[in-house]
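Peer 1: I am sharing my_file-v2.txt, which consists of compact mmCIF, C-alpha atoms and all ligand atoms:
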```
# COMPACT_ATOMS: atom_id res chain seq x y z
CA MET C 1455 -9.36 -1.52 16.56
CA VAL C 1456 -11.36 -0.80 13.42
CA THR C 1457 -10.15 1.55 10.68
CA ARG C 1458 -11.55 2.37 7.27
CA PHE C 1459 -10.59 3.65 3.85
CA ALA C 1460 -13.42 5.71 2.37
CA PRO C 1461 -12.79 6.75 -1.24
CA SER C 1462 -15.38 8.17 -3.61
CA PRO C 1463 -15.78 6.16 -6.82
CA THR C 1464 -15.49 9.31 -8.90
CA GLY C 1465 -12.05 8.71 -10.39
CA GLU C 1466 -8.96 6.53 -10.29
CA LEU C 1467 -7.07 6.14 -7.02
CA HIS C 1468 -3.76 8.00 -6.94
CA LEU C 1469 -0.72 7.96 -4.67
CA GLY C 1470 -2.53 10.03 -2.04
CA HIS C 1471 -5.23 7.36 -1.79
CA ALA C 1472 -2.59 4.62 -1.61
CA TYR C 1473 -1.01 6.45 1.34
CA ALA C 1474 -4.38 6.86 3.08
CA ALA C 1475 -5.35 3.23 2.53
CA LYS C 1476 -1.93 1.98 3.67
CA ALA C 1477 -2.08 4.13 6.83
CA ALA C 1478 -5.55 2.80 7.74
CA HIS C 1479 -4.63 -0.79 6.87
CA ASP C 1480 -1.37 -0.86 8.82
CA LEU C 1481 -2.78 0.85 11.91
CA ALA C 1482 -5.48 -1.82 12.16
CA LYS C 1483 -3.30 -4.77 11.26
CA GLU C 1484 -0.54 -3.89 13.74
CA LYS C 1485 -3.18 -4.33 16.44
CA GLY C 1486 -4.91 -7.36 14.90
CA GLY C 1487 -7.89 -5.16 14.08
CA LEU C 1488 -10.18 -4.72 11.10
CA PHE C 1489 -9.61 -2.62 8.02
CA LEU C 1490 -12.87 -1.72 6.27
CA LEU C 1491 -13.68 -0.29 2.85
CA ARG C 1492 -16.48 2.19 2.29
CA HIS C 1493 -17.46 3.58 -1.09
CA GLU C 1494 -18.59 7.17 -0.52
CA ASP C 1495 -20.90 7.28 -3.50
CA ILE C 1496 -23.71 9.65 -2.54
CA ASP C 1497 -22.84 12.16 -5.24
CA SER C 1498 -24.43 10.22 -8.08
CA SER C 1499 -23.68 12.93 -10.66
CA ARG C 1500 -19.93 12.26 -10.23
CA VAL C 1501 -19.89 8.53 -9.49
CA ARG C 1502 -18.99 6.12 -12.33
CA GLU C 1503 -19.79 2.43 -12.04
CA GLU C 1504 -16.37 1.29 -13.27
CA TYR C 1505 -14.54 2.99 -10.38
CA TYR C 1506 -15.94 0.70 -7.67
CA GLY C 1507 -14.22 -2.28 -9.27
CA LEU C 1508 -11.06 -0.35 -10.08
CA ILE C 1509 -10.71 0.82 -6.46
CA GLU C 1510 -11.03 -2.78 -5.28
CA THR C 1511 -8.56 -4.04 -7.90
CA ASP C 1512 -6.02 -1.36 -6.91
CA LEU C 1513 -6.33 -2.14 -3.20
CA LYS C 1514 -5.92 -5.88 -3.73
CA TRP C 1515 -2.91 -5.26 -5.95
CA LEU C 1516 -1.40 -3.04 -3.24
CA GLU C 1517 -1.99 -5.92 -0.81
CA LEU C 1518 -4.34 -3.79 1.23
CA ASN C 1519 -7.10 -6.35 1.61
CA TRP C 1520 -10.15 -5.16 3.51
CA ASP C 1521 -12.27 -7.14 5.94
CA GLY C 1522 -15.90 -7.97 5.23
CA THR C 1523 -18.04 -6.59 2.43
CA PRO C 1524 -17.41 -3.05 1.23
CA LEU C 1525 -20.14 -0.65 2.28
CA ARG C 1526 -21.81 1.56 -0.29
CA GLN C 1527 -23.30 4.77 1.05
CA THR C 1528 -26.09 4.60 -1.51
CA ASP C 1529 -27.33 1.52 0.37
CA ARG C 1530 -27.58 3.55 3.56
CA LEU C 1531 -30.00 6.33 2.66
CA ASP C 1532 -32.58 5.18 5.24
CA ALA C 1533 -30.00 5.37 8.01
CA TYR C 1534 -29.11 8.94 7.01
CA ALA C 1535 -32.80 9.89 6.93
CA ASP C 1536 -33.22 8.46 10.46
CA ALA C 1537 -30.24 10.43 11.75
CA LEU C 1538 -31.52 13.61 10.11
CA LYS C 1539 -34.90 13.07 11.76
CA LYS C 1540 -33.23 12.55 15.13
CA LEU C 1541 -31.36 15.83 14.72
CA GLY C 1542 -34.61 17.51 13.67
CA ASP C 1543 -36.40 16.13 16.74
CA LEU C 1544 -33.64 17.67 18.85
CA GLY C 1545 -34.40 21.01 17.18
CA LEU C 1546 -30.96 21.15 15.59
CA THR C 1547 -31.85 21.43 11.91
CA TYR C 1548 -33.50 24.02 9.71
CA PRO C 1549 -34.44 24.11 6.03
CA CYS C 1550 -32.33 26.31 3.78
CA PHE C 1551 -33.68 27.65 0.51
CA CYS C 1552 -30.58 29.64 -0.45
CA THR C 1553 -28.89 29.20 -3.78
CA ARG C 1554 -25.10 29.50 -4.06
CA LYS C 1555 -25.66 32.98 -5.49
CA ASP C 1556 -27.83 34.02 -2.50
CA ILE C 1557 -25.07 32.91 -0.15
CA GLN C 1558 -22.35 34.77 -2.05
CA GLN C 1559 -24.45 37.95 -2.13
CA GLU C 1560 -25.20 37.75 1.57
CA LEU C 1561 -21.53 37.22 2.38
CA ARG C 1562 -20.61 40.26 0.25
CA ARG C 1563 -23.30 42.29 1.99
CA MET C 1564 -21.76 41.29 5.32
CA HIS C 1565 -18.41 42.53 3.94
CA ALA C 1566 -16.76 39.18 4.50
CA ALA C 1567 -13.31 39.22 2.98
CA PRO C 1568 -13.38 37.08 -0.16
CA HIS C 1569 -11.69 33.70 0.26
CA SER C 1570 -11.25 34.22 4.00
CA HIS C 1571 -12.19 31.39 6.33
CA GLU C 1572 -15.38 33.20 7.40
CA ALA C 1573 -16.35 33.71 3.77
CA GLN C 1574 -16.74 29.96 3.37
CA VAL C 1575 -19.12 29.59 6.28
CA TYR C 1576 -22.84 29.88 5.67
CA PRO C 1577 -24.06 33.29 6.88
CA GLY C 1578 -27.12 31.79 8.58
CA THR C 1579 -29.76 33.49 6.43
CA CYS C 1580 -32.42 30.77 6.68
CA ARG C 1581 -31.83 30.14 10.38
CA ALA C 1582 -33.94 33.22 11.06
CA LEU C 1583 -36.93 32.13 8.94
CA ASN C 1584 -40.28 31.85 10.60
CA PRO C 1585 -40.91 28.07 10.99
CA GLU C 1586 -44.50 28.26 9.69
CA GLN C 1587 -43.44 30.14 6.57
CA ALA C 1588 -40.57 27.74 6.01
CA ALA C 1589 -42.97 24.77 6.36
CA GLN C 1590 -45.27 26.40 3.79
CA ARG C 1591 -42.42 26.87 1.33
CA ILE C 1592 -41.55 23.17 1.73
CA ALA C 1593 -45.21 22.21 1.23
CA ASP C 1594 -45.20 24.35 -1.94
CA GLY C 1595 -42.35 22.21 -3.25
CA GLU C 1596 -39.58 24.79 -3.04
CA PRO C 1597 -36.16 23.07 -3.24
CA HIS C 1598 -34.39 23.12 0.09
CA ALA C 1599 -31.41 21.70 1.90
CA TRP C 1600 -31.26 20.93 5.62
CA ARG C 1601 -28.60 22.57 7.75
CA LEU C 1602 -27.25 21.99 11.23
CA ASP C 1603 -27.85 24.79 13.71
CA SER C 1604 -24.26 24.54 14.94
CA SER C 1605 -24.47 27.01 17.81
CA LYS C 1606 -27.63 25.39 19.14
CA ALA C 1607 -25.87 22.01 18.90
CA ALA C 1608 -22.93 23.47 20.83
CA ARG C 1609 -25.25 24.64 23.60
CA LEU C 1610 -26.69 21.13 23.78
CA HIS C 1611 -23.42 19.19 23.87
CA GLY C 1612 -21.28 21.68 25.82
CA THR C 1613 -17.47 21.63 25.63
CA LEU C 1614 -16.09 18.91 23.38
CA HIS C 1615 -12.69 17.78 22.22
CA PHE C 1616 -11.32 15.38 19.67
CA ASN C 1617 -8.14 13.42 20.00
CA ASP C 1618 -5.68 13.01 17.15
CA LEU C 1619 -2.76 10.59 17.48
CA GLU C 1620 -0.41 13.11 15.87
CA HIS C 1621 -1.92 16.49 16.72
CA GLY C 1622 -3.10 15.74 20.27
CA GLU C 1623 -6.31 17.10 21.71
CA THR C 1624 -8.27 19.86 19.97
CA LYS C 1625 -11.21 21.75 21.42
CA VAL C 1626 -14.24 21.64 19.13
CA ASP C 1627 -15.09 25.05 17.73
CA GLU C 1628 -18.54 25.10 16.14
CA THR C 1629 -17.73 28.25 14.17
CA VAL C 1630 -15.07 26.49 12.07
CA ASN C 1631 -17.63 24.86 9.79
CA GLY C 1632 -20.71 26.81 10.85
CA ASP C 1633 -24.14 25.57 9.83
CA VAL C 1634 -23.10 22.84 7.41
CA VAL C 1635 -25.50 21.18 5.00
CA LEU C 1636 -26.67 17.82 6.35
CA ALA C 1637 -28.94 17.01 3.43
CA ARG C 1638 -28.40 18.56 0.03
CA LYS C 1639 -31.17 19.84 -2.20
CA ASP C 1640 -30.52 17.16 -4.81
CA ILE C 1641 -29.75 14.18 -2.53
CA ASP C 1642 -31.19 13.74 0.95
CA VAL C 1643 -27.82 13.61 2.67
CA ALA C 1644 -24.42 15.31 2.57
CA TYR C 1645 -20.83 14.38 3.37
CA HIS C 1646 -20.59 15.17 7.11
CA LEU C 1647 -23.79 13.37 8.07
CA ALA C 1648 -23.06 10.26 5.97
CA VAL C 1649 -19.51 9.92 7.34
CA VAL C 1650 -20.58 10.23 10.97
CA VAL C 1651 -23.50 7.81 10.62
CA ASP C 1652 -21.37 5.24 8.82
CA ASP C 1653 -18.32 5.48 11.07
CA ASP C 1654 -20.61 4.67 13.97
CA PHE C 1655 -22.49 1.94 12.10
CA GLN C 1656 -19.26 0.26 11.02
CA GLY C 1657 -17.80 0.51 14.54
CA VAL C 1658 -14.82 2.55 13.35
CA THR C 1659 -12.60 3.21 16.36
CA HIS C 1660 -9.83 5.09 14.51
CA VAL C 1661 -10.58 7.53 11.70
CA THR C 1662 -7.45 7.96 9.57
CA ARG C 1663 -7.55 10.45 6.72
CA GLY C 1664 -5.69 13.35 5.14
CA GLU C 1665 -5.07 16.53 7.08
CA ASP C 1666 -7.20 18.44 4.56
CA LEU C 1667 -10.14 17.02 6.54
CA PHE C 1668 -8.83 18.12 9.94
CA SER C 1669 -11.22 21.06 10.15
CA ALA C 1670 -14.18 18.82 9.19
CA THR C 1671 -13.62 16.94 12.43
CA HIS C 1672 -15.00 19.86 14.45
CA VAL C 1673 -18.50 19.45 13.06
CA GLN C 1674 -18.29 15.67 12.79
CA ARG C 1675 -17.47 15.49 16.50
CA GLN C 1676 -20.48 17.72 17.19
CA LEU C 1677 -22.74 15.38 15.24
CA GLN C 1678 -21.36 12.32 17.06
CA ALA C 1679 -22.05 13.98 20.41
CA VAL C 1680 -25.64 15.02 19.72
CA LEU C 1681 -26.44 11.68 18.06
CA ALA C 1682 -24.97 9.89 21.12
CA TYR C 1683 -22.43 7.98 19.01
CA ARG C 1684 -19.10 6.67 20.25
CA GLU C 1685 -16.11 8.94 19.88
CA PRO C 1686 -13.41 7.67 17.51
CA VAL C 1687 -9.73 8.52 17.77
CA TYR C 1688 -8.38 10.46 14.78
CA LEU C 1689 -5.20 10.33 12.77
CA HIS C 1690 -4.98 13.14 10.21
CA HIS C 1691 -1.91 12.40 8.14
CA GLU C 1692 0.01 14.56 5.74
CA LEU C 1693 -0.95 14.66 2.09
CA VAL C 1694 1.11 13.31 -0.78
CA LYS C 1695 2.27 16.23 -2.92
CA ASP C 1696 3.56 16.46 -6.49
CA GLU C 1697 7.00 17.87 -7.35
CA ASN C 1698 5.54 21.40 -7.24
CA GLY C 1699 4.23 20.91 -3.73
CA ARG C 1700 0.62 20.62 -4.86
CA ARG C 1701 -1.66 17.93 -3.53
CA LEU C 1702 -2.56 15.25 -6.03
CA ALA C 1703 -5.91 15.29 -7.79
CA LYS C 1704 -7.98 12.64 -9.50
CA ARG C 1705 -7.41 14.26 -12.88
CA ASP C 1706 -3.67 13.69 -12.46
CA HIS C 1707 -3.72 10.38 -14.34
CA ALA C 1708 0.06 9.96 -14.49
CA ARG C 1709 0.06 9.13 -10.79
CA SER C 1710 -2.97 6.89 -10.78
CA ILE C 1711 -2.37 3.49 -9.25
CA ARG C 1712 -3.66 1.84 -12.39
CA SER C 1713 -1.19 3.63 -14.66
CA LEU C 1714 1.74 2.86 -12.32
CA ARG C 1715 0.69 -0.78 -12.21
CA GLU C 1716 0.41 -0.91 -15.98
CA LYS C 1717 3.88 0.66 -16.28
CA GLY C 1718 5.19 -2.42 -14.47
CA LEU C 1719 5.96 -0.98 -11.03
CA SER C 1720 5.60 -3.28 -8.04
CA PRO C 1721 3.16 -2.57 -5.19
CA GLN C 1722 6.15 -1.93 -2.90
CA GLU C 1723 7.57 0.62 -5.34
CA VAL C 1724 4.22 2.39 -5.50
CA ILE C 1725 3.92 2.54 -1.71
CA ALA C 1726 7.50 3.87 -1.55
CA MET C 1727 6.52 6.64 -4.02
CA THR C 1728 3.86 7.84 -1.57
CA GLY C 1729 6.56 8.53 1.03
CA TYR C 1730 4.75 6.33 3.53
CA VAL C 1731 6.95 5.15 6.38
CA SER C 1732 5.61 2.46 8.63
N1 LIG R 1 -14.53 10.28 0.97
C1 LIG R 1 -13.56 11.20 1.48
C2 LIG R 1 -12.45 11.40 0.45
O1 LIG R 1 -12.39 10.66 -0.52
C3 LIG R 1 -12.96 10.74 2.78
C4 LIG R 1 -13.94 10.83 3.88
C5 LIG R 1 -13.36 10.71 5.25
O2 LIG R 1 -12.28 10.14 5.43
O3 LIG R 1 -13.98 11.18 6.17
O4 LIG R 1 -11.66 12.29 0.61
```
Turn the structure described in the file into structure tokens.
Peer 2:
Amino acid sequence: MVTRFAPSPTGELHLGHAYAAKAAHDLAKEKGGLFLLRHEDIDSSRVREEYYGLIETDLKWLELNWDGTPLRQTDRLDAYADALKKLGDLGLTYPCFCTRKDIQQELRRMHAAPHSHEAQVYPGTCRALNPEQAAQRIADGEPHAWRLDSSKAARLHGTLHFNDLEHGETKVDETVNGDVVLARKDIDVAYHLAVVVDDDFQGVTHVTRGEDLFSATHVQRQLQAVLAYREPVYLHHELVKDENGRRLAKRDHARSIRSLREKGLSPQEVIAMTGYVS
């Protein structure tokens, strides 16, 4: 069994991260498996150097020691480019020149209800572009992202499911995420692609993470299938909430692991505050 904790070094770890790391650590260690650490640092505009070290200090203090050397996604850009090329060779990607504003306008034009689930999904504008014209726009240096053609991918992989230890089996629905961005305009990769490539590379057998990412699993399972990667088991756990029932955020410094440590709490007290039960 191999599990991982995959924080972004964009802020201090809080109780929600402690819960996630503890869940991944304990699941692996109960089975004599490996618990890995991956710094999800592709978003260089938000990453701060000091957070890599702070994350590692917090984890060690919590007695959640990881196996091997932590992976940094910024060291893996070639692997993401290879995977993107493979998806392109399968005919599953297309360039997207839309700005955020273009997407919002198109969604309004389509009368999508604001804030509804459909309103978040890309309306597919650039999927219909003539490939020669799109290639010319790229050659002219126009900024573009790369998107997954999710319905074409679904036709290729057929019916798929993913298995969650708590939620059971779920049928993959390619319309949940739609044509997600695989490579952003500013960096040549995006979250879903990096996660899937790295989970496979690191041999992760059990993906544990918060239930806010449950819906992301639909598209990540699609990517695993078309890239011929192994299928991990999932465990989407509940999120740690504050006293008002809101999920914790990185800006909520009062609950950062560092501040609790500096207040003199013990690691066991901090884990207890997360509500984690083994
Ligand atoms: N980096 C993501 C986060 O901090 C987790 C990614 C994942 O578990 O797939 O929420």
Peer 1: Mind listing whatever residues come within 7 Å of the point (-16.4, 8.2, -7.0)? Use all atoms listed in the file, file coordinates, and give them as a count of residues only.
Peer 2: 11
Peer 1: Counting all atoms listed in the file, what residues are within 9 Å of ligand LIG 1 (chain R), given as a PDB file with C-alpha atoms, in the frame of the given file?
Peer 2:
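Contents of result.pdb, freshly written:
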```
ATOM      1  CA  ARG C1458     -11.550   2.370   7.270  1.00  0.00           C
ATOM      2  CA  PHE C1459     -10.590   3.650   3.850  1.00  0.00           C
ATOM      3  CA  ALA C1460     -13.420   5.710   2.370  1.00  0.00           C
ATOM      4  CA  PRO C1461     -12.790   6.750  -1.240  1.00  0.00           C
ATOM      5  CA  SER C1462     -15.380   8.170  -3.610  1.00  0.00           C
ATOM      6  CA  PRO C1463     -15.780   6.160  -6.820  1.00  0.00           C
ATOM      7  CA  HIS C1471      -5.230   7.360  -1.790  1.00  0.00           C
ATOM      8  CA  ALA C1474      -4.380   6.860   3.080  1.00  0.00           C
ATOM      9  CA  ARG C1492     -16.480   2.190   2.290  1.00  0.00           C
ATOM     10  CA  HIS C1493     -17.460   3.580  -1.090  1.00  0.00           C
ATOM     11  CA  GLU C1494     -18.590   7.170  -0.520  1.00  0.00           C
ATOM     12  CA  ASP C1495     -20.900   7.280  -3.500  1.00  0.00           C
ATOM     13  CA  TYR C1645     -20.830  14.380   3.370  1.00  0.00           C
ATOM     14  CA  HIS C1646     -20.590  15.170   7.110  1.00  0.00           C
ATOM     15  CA  VAL C1649     -19.510   9.920   7.340  1.00  0.00           C
ATOM     16  CA  VAL C1650     -20.580  10.230  10.970  1.00  0.00           C
ATOM     17  CA  ASP C1653     -18.320   5.480  11.070  1.00  0.00           C
ATOM     18  CA  VAL C1661     -10.580   7.530  11.700  1.00  0.00           C
ATOM     19  CA  THR C1662      -7.450   7.960   9.570  1.00  0.00           C
ATOM     20  CA  ARG C1663      -7.550  10.450   6.720  1.00  0.00           C
ATOM     21  CA  GLY C1664      -5.690  13.350   5.140  1.00  0.00           C
ATOM     22  CA  ASP C1666      -7.200  18.440   4.560  1.00  0.00           C
ATOM     23  CA  LEU C1667     -10.140  17.020   6.540  1.00  0.00           C
ATOM     24  CA  ALA C1670     -14.180  18.820   9.190  1.00  0.00           C
ATOM     25  CA  THR C1671     -13.620  16.940  12.430  1.00  0.00           C
TER      26      THR C1671
END
```
Peer 1: Restricting the calculation to all atoms listed in the file: of C:Asp1633, C:Glu1665, C:Glu1697, C:Glu1623, which residue gets closest to C:Thr1547?
Peer 2: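 Ranking C:Asp1633, C:Glu1665, C:Glu1697, C:Glu1623 by distance to C:Thr1547, first place goes to C:Asp1633.
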Peer 1: Go through C:Ala1607, C:Leu1714, C:Leu1619, C:Leu1636 and flag the residue nearest C:Ala1679, using only C-alpha atoms for the distances.
Peer 2: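 Closest residue, counting only C-alpha atoms: C:Ala1607.
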Peer 1: In terms of the shortest atom-to-atom distance over all atoms listed in the file, which of C:Ile1711, C:Leu1546, C:Leu1481, C:Val1687 is closest to C:Leu1508?
Peer 2: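 Among the listed residues, C:Ile1711 lies closest to C:Leu1508.
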Peer 1: Tell me which protein, DNA and RNA residues are within 10 Å of C:Ile1557, counting all atoms listed in the file, leaving out same-chain ones fewer than 2 positions away, and put them as a list in words.
Peer 2: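 Using all atoms listed in the file, the neighbours found are Cys1552, Thr1553, Arg1554, Lys1555, Gln1559, Glu1560, Leu1561, Arg1562, Arg1563, Ala1573, Gln1574, Val1575, Tyr1576, Pro1577, Gly1578 and Thr1579 of chain C.
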Peer 1: Write out the residues from the selection above, keeping C-alpha atoms, as a PDB file, in the frame of the given file.
Peer 2:
```
ATOM      1  CA  CYS C1552     -30.580  29.640  -0.450  1.00  0.00           C
ATOM      2  CA  THR C1553     -28.890  29.200  -3.780  1.00  0.00           C
ATOM      3  CA  ARG C1554     -25.100  29.500  -4.060  1.00  0.00           C
ATOM      4  CA  LYS C1555     -25.660  32.980  -5.490  1.00  0.00           C
ATOM      5  CA  GLN C1559     -24.450  37.950  -2.130  1.00  0.00           C
ATOM      6  CA  GLU C1560     -25.200  37.750   1.570  1.00  0.00           C
ATOM      7  CA  LEU C1561     -21.530  37.220   2.380  1.00  0.00           C
ATOM      8  CA  ARG C1562     -20.610  40.260   0.250  1.00  0.00           C
ATOM      9  CA  ARG C1563     -23.300  42.290   1.990  1.00  0.00           C
ATOM     10  CA  ALA C1573     -16.350  33.710   3.770  1.00  0.00           C
ATOM     11  CA  GLN C1574     -16.740  29.960   3.370  1.00  0.00           C
ATOM     12  CA  VAL C1575     -19.120  29.590   6.280  1.00  0.00           C
ATOM     13  CA  TYR C1576     -22.840  29.880   5.670  1.00  0.00           C
ATOM     14  CA  PRO C1577     -24.060  33.290   6.880  1.00  0.00           C
ATOM     15  CA  GLY C1578     -27.120  31.790   8.580  1.00  0.00           C
ATOM     16  CA  THR C1579     -29.760  33.490   6.430  1.00  0.00           C
TER      17      THR C1579
END
```
Peer 1: When distances are computed from only C-alpha atoms, which of C:Asn1584, C:Gln1674, C:Gln1590, C:Thr1457 shows the smallest separation from C:Asp1521?
Peer 2: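 Selected residue with least distance to C:Asp1521: C:Thr1457.
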Peer 1: Excluding stretch 1484-1487 of chain C and its own-chain neighbours fewer than 4 positions away, which residues fall within 12 Å of it when counting only C-alpha atoms? Please give them as a ChimeraX atom specification.
Peer 2: /C:1455-1458,1476-1480,1520-1521,1657-1660,1732
Peer 1: Between C:Lys1639, C:His1611, C:Arg1581, C:His1690, single out the one closest to C:Ser1669, counting all atoms listed in the file.
Peer 2: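 Checking each candidate against C:Ser1669, we get C:His1690 as the closest.
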Peer 1: In Å to one decimal, how far is atom CA of C:Asp1497 from atom CA of C:Thr1523?
Peer 2: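 Calculated distance between atom CA of C:Thr1523 and atom CA of C:Asp1497 is 20.8 Å.
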Peer 1: Given the choices C:Lys1625, C:Asp1556, C:Ala1589, C:Pro1721, which gets closest to C:Lys1514 if the distance is worked out from only C-alpha atoms?
Peer 2: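 Once distances to C:Lys1514 are computed over only C-alpha atoms, the minimum belongs to C:Pro1721.
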Peer 1: Considering all atoms listed in the file, return as a list in words whatever protein or nucleic-acid residues lie within 9 Å of C:Ala1608, sequence-local ones (same chain, fewer than 5 positions apart) excluded.
Peer 2: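 Returned residues: Asp1603, Thr1613, Leu1614, Asp1627, Glu1628, Gln1676 and Val1680 of chain C.
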Peer 1: Give me, as a list in words, all polymer residues having an atom no more than 9 Å from C:Tyr1534, counting all atoms listed in the file and skipping those fewer than 3 positions away in the same chain.
Peer 2: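 Residues near the query, excluding close chain neighbours: Arg1530, Leu1531, Ala1537, Leu1538, Lys1539, Ala1637, Asp1642, Val1643, Leu1647, Ala1648, Val1651 and Asp1652 of chain C.
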Peer 1: Could you jot down the atom CA of C:Val1694 to atom CA of C:Glu1620 separation for me, Å, one decimal place?
Peer 2: 16.7 Å
Peer 1: Can stretch 1644-1664 of chain C be brought up to N, CA and C atoms and written out as a PDB file, keeping the file's coordinate frame?
Peer 2:
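What ended up in rebuild-v3.pdb:
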```pdb
ATOM      1  N   ALA C1644     -25.652  14.632   2.993  1.00  0.00           N
ATOM      2  CA  ALA C1644     -24.420  15.310   2.570  1.00  0.00           C
ATOM      3  C   ALA C1644     -23.258  14.687   3.322  1.00  0.00           C
ATOM      4  N   TYR C1645     -22.066  15.034   2.894  1.00  0.00           N
ATOM      5  CA  TYR C1645     -20.830  14.380   3.370  1.00  0.00           C
ATOM      6  C   TYR C1645     -20.749  14.191   4.888  1.00  0.00           C
ATOM      7  N   HIS C1646     -20.851  15.286   5.663  1.00  0.00           N
ATOM      8  CA  HIS C1646     -20.590  15.170   7.110  1.00  0.00           C
ATOM      9  C   HIS C1646     -21.545  14.176   7.783  1.00  0.00           C
ATOM     10  N   LEU C1647     -22.805  14.249   7.425  1.00  0.00           N
ATOM     11  CA  LEU C1647     -23.790  13.370   8.070  1.00  0.00           C
ATOM     12  C   LEU C1647     -23.510  11.902   7.706  1.00  0.00           C
ATOM     13  N   ALA C1648     -23.282  11.647   6.419  1.00  0.00           N
ATOM     14  CA  ALA C1648     -23.060  10.260   5.970  1.00  0.00           C
ATOM     15  C   ALA C1648     -21.828   9.655   6.651  1.00  0.00           C
ATOM     16  N   VAL C1649     -20.755  10.419   6.740  1.00  0.00           N
ATOM     17  CA  VAL C1649     -19.510   9.920   7.340  1.00  0.00           C
ATOM     18  C   VAL C1649     -19.722   9.549   8.814  1.00  0.00           C
ATOM     19  N   VAL C1650     -20.386  10.442   9.536  1.00  0.00           N
ATOM     20  CA  VAL C1650     -20.580  10.230  10.970  1.00  0.00           C
ATOM     21  C   VAL C1650     -21.495   9.025  11.219  1.00  0.00           C
ATOM     22  N   VAL C1651     -22.565   8.930  10.459  1.00  0.00           N
ATOM     23  CA  VAL C1651     -23.500   7.810  10.620  1.00  0.00           C
ATOM     24  C   VAL C1651     -22.791   6.495  10.304  1.00  0.00           C
ATOM     25  N   ASP C1652     -22.022   6.489   9.236  1.00  0.00           N
ATOM     26  CA  ASP C1652     -21.370   5.240   8.820  1.00  0.00           C
ATOM     27  C   ASP C1652     -20.194   4.857   9.712  1.00  0.00           C
ATOM     28  N   ASP C1653     -19.427   5.825  10.167  1.00  0.00           N
ATOM     29  CA  ASP C1653     -18.320   5.480  11.070  1.00  0.00           C
ATOM     30  C   ASP C1653     -18.882   4.809  12.320  1.00  0.00           C
ATOM     31  N   ASP C1654     -20.008   5.301  12.797  1.00  0.00           N
ATOM     32  CA  ASP C1654     -20.610   4.670  13.970  1.00  0.00           C
ATOM     33  C   ASP C1654     -21.164   3.290  13.628  1.00  0.00           C
ATOM     34  N   PHE C1655     -21.886   3.210  12.524  1.00  0.00           N
ATOM     35  CA  PHE C1655     -22.490   1.940  12.100  1.00  0.00           C
ATOM     36  C   PHE C1655     -21.434   0.858  11.891  1.00  0.00           C
ATOM     37  N   GLN C1656     -20.315   1.240  11.305  1.00  0.00           N
ATOM     38  CA  GLN C1656     -19.260   0.260  11.020  1.00  0.00           C
ATOM     39  C   GLN C1656     -18.340   0.026  12.222  1.00  0.00           C
ATOM     40  N   GLY C1657     -18.604   0.716  13.326  1.00  0.00           N
ATOM     41  CA  GLY C1657     -17.800   0.510  14.540  1.00  0.00           C
ATOM     42  C   GLY C1657     -16.372   0.997  14.394  1.00  0.00           C
ATOM     43  N   VAL C1658     -16.181   2.042  13.595  1.00  0.00           N
ATOM     44  CA  VAL C1658     -14.820   2.550  13.350  1.00  0.00           C
ATOM     45  C   VAL C1658     -14.297   3.181  14.642  1.00  0.00           C
ATOM     46  N   THR C1659     -13.167   2.676  15.110  1.00  0.00           N
ATOM     47  CA  THR C1659     -12.600   3.210  16.360  1.00  0.00           C
ATOM     48  C   THR C1659     -11.537   4.272  16.060  1.00  0.00           C
ATOM     49  N   HIS C1660     -10.893   4.170  14.872  1.00  0.00           N
ATOM     50  CA  HIS C1660      -9.830   5.090  14.510  1.00  0.00           C
ATOM     51  C   HIS C1660     -10.065   5.618  13.101  1.00  0.00           C
ATOM     52  N   VAL C1661     -10.342   6.904  13.003  1.00  0.00           N
ATOM     53  CA  VAL C1661     -10.580   7.530  11.700  1.00  0.00           C
ATOM     54  C   VAL C1661      -9.243   8.083  11.206  1.00  0.00           C
ATOM     55  N   THR C1662      -8.686   7.459  10.166  1.00  0.00           N
ATOM     56  CA  THR C1662      -7.450   7.960   9.570  1.00  0.00           C
ATOM     57  C   THR C1662      -7.818   8.592   8.236  1.00  0.00           C
ATOM     58  N   ARG C1663      -7.273   9.772   7.984  1.00  0.00           N
ATOM     59  CA  ARG C1663      -7.550  10.450   6.720  1.00  0.00           C
ATOM     60  C   ARG C1663      -6.597  11.631   6.586  1.00  0.00           C
ATOM     61  N   GLY C1664      -6.620  12.258   5.418  1.00  0.00           N
ATOM     62  CA  GLY C1664      -5.690  13.350   5.140  1.00  0.00           C
ATOM     63  C   GLY C1664      -5.964  14.573   6.000  1.00  0.00           C
TER      64      GLY C1664
END
```
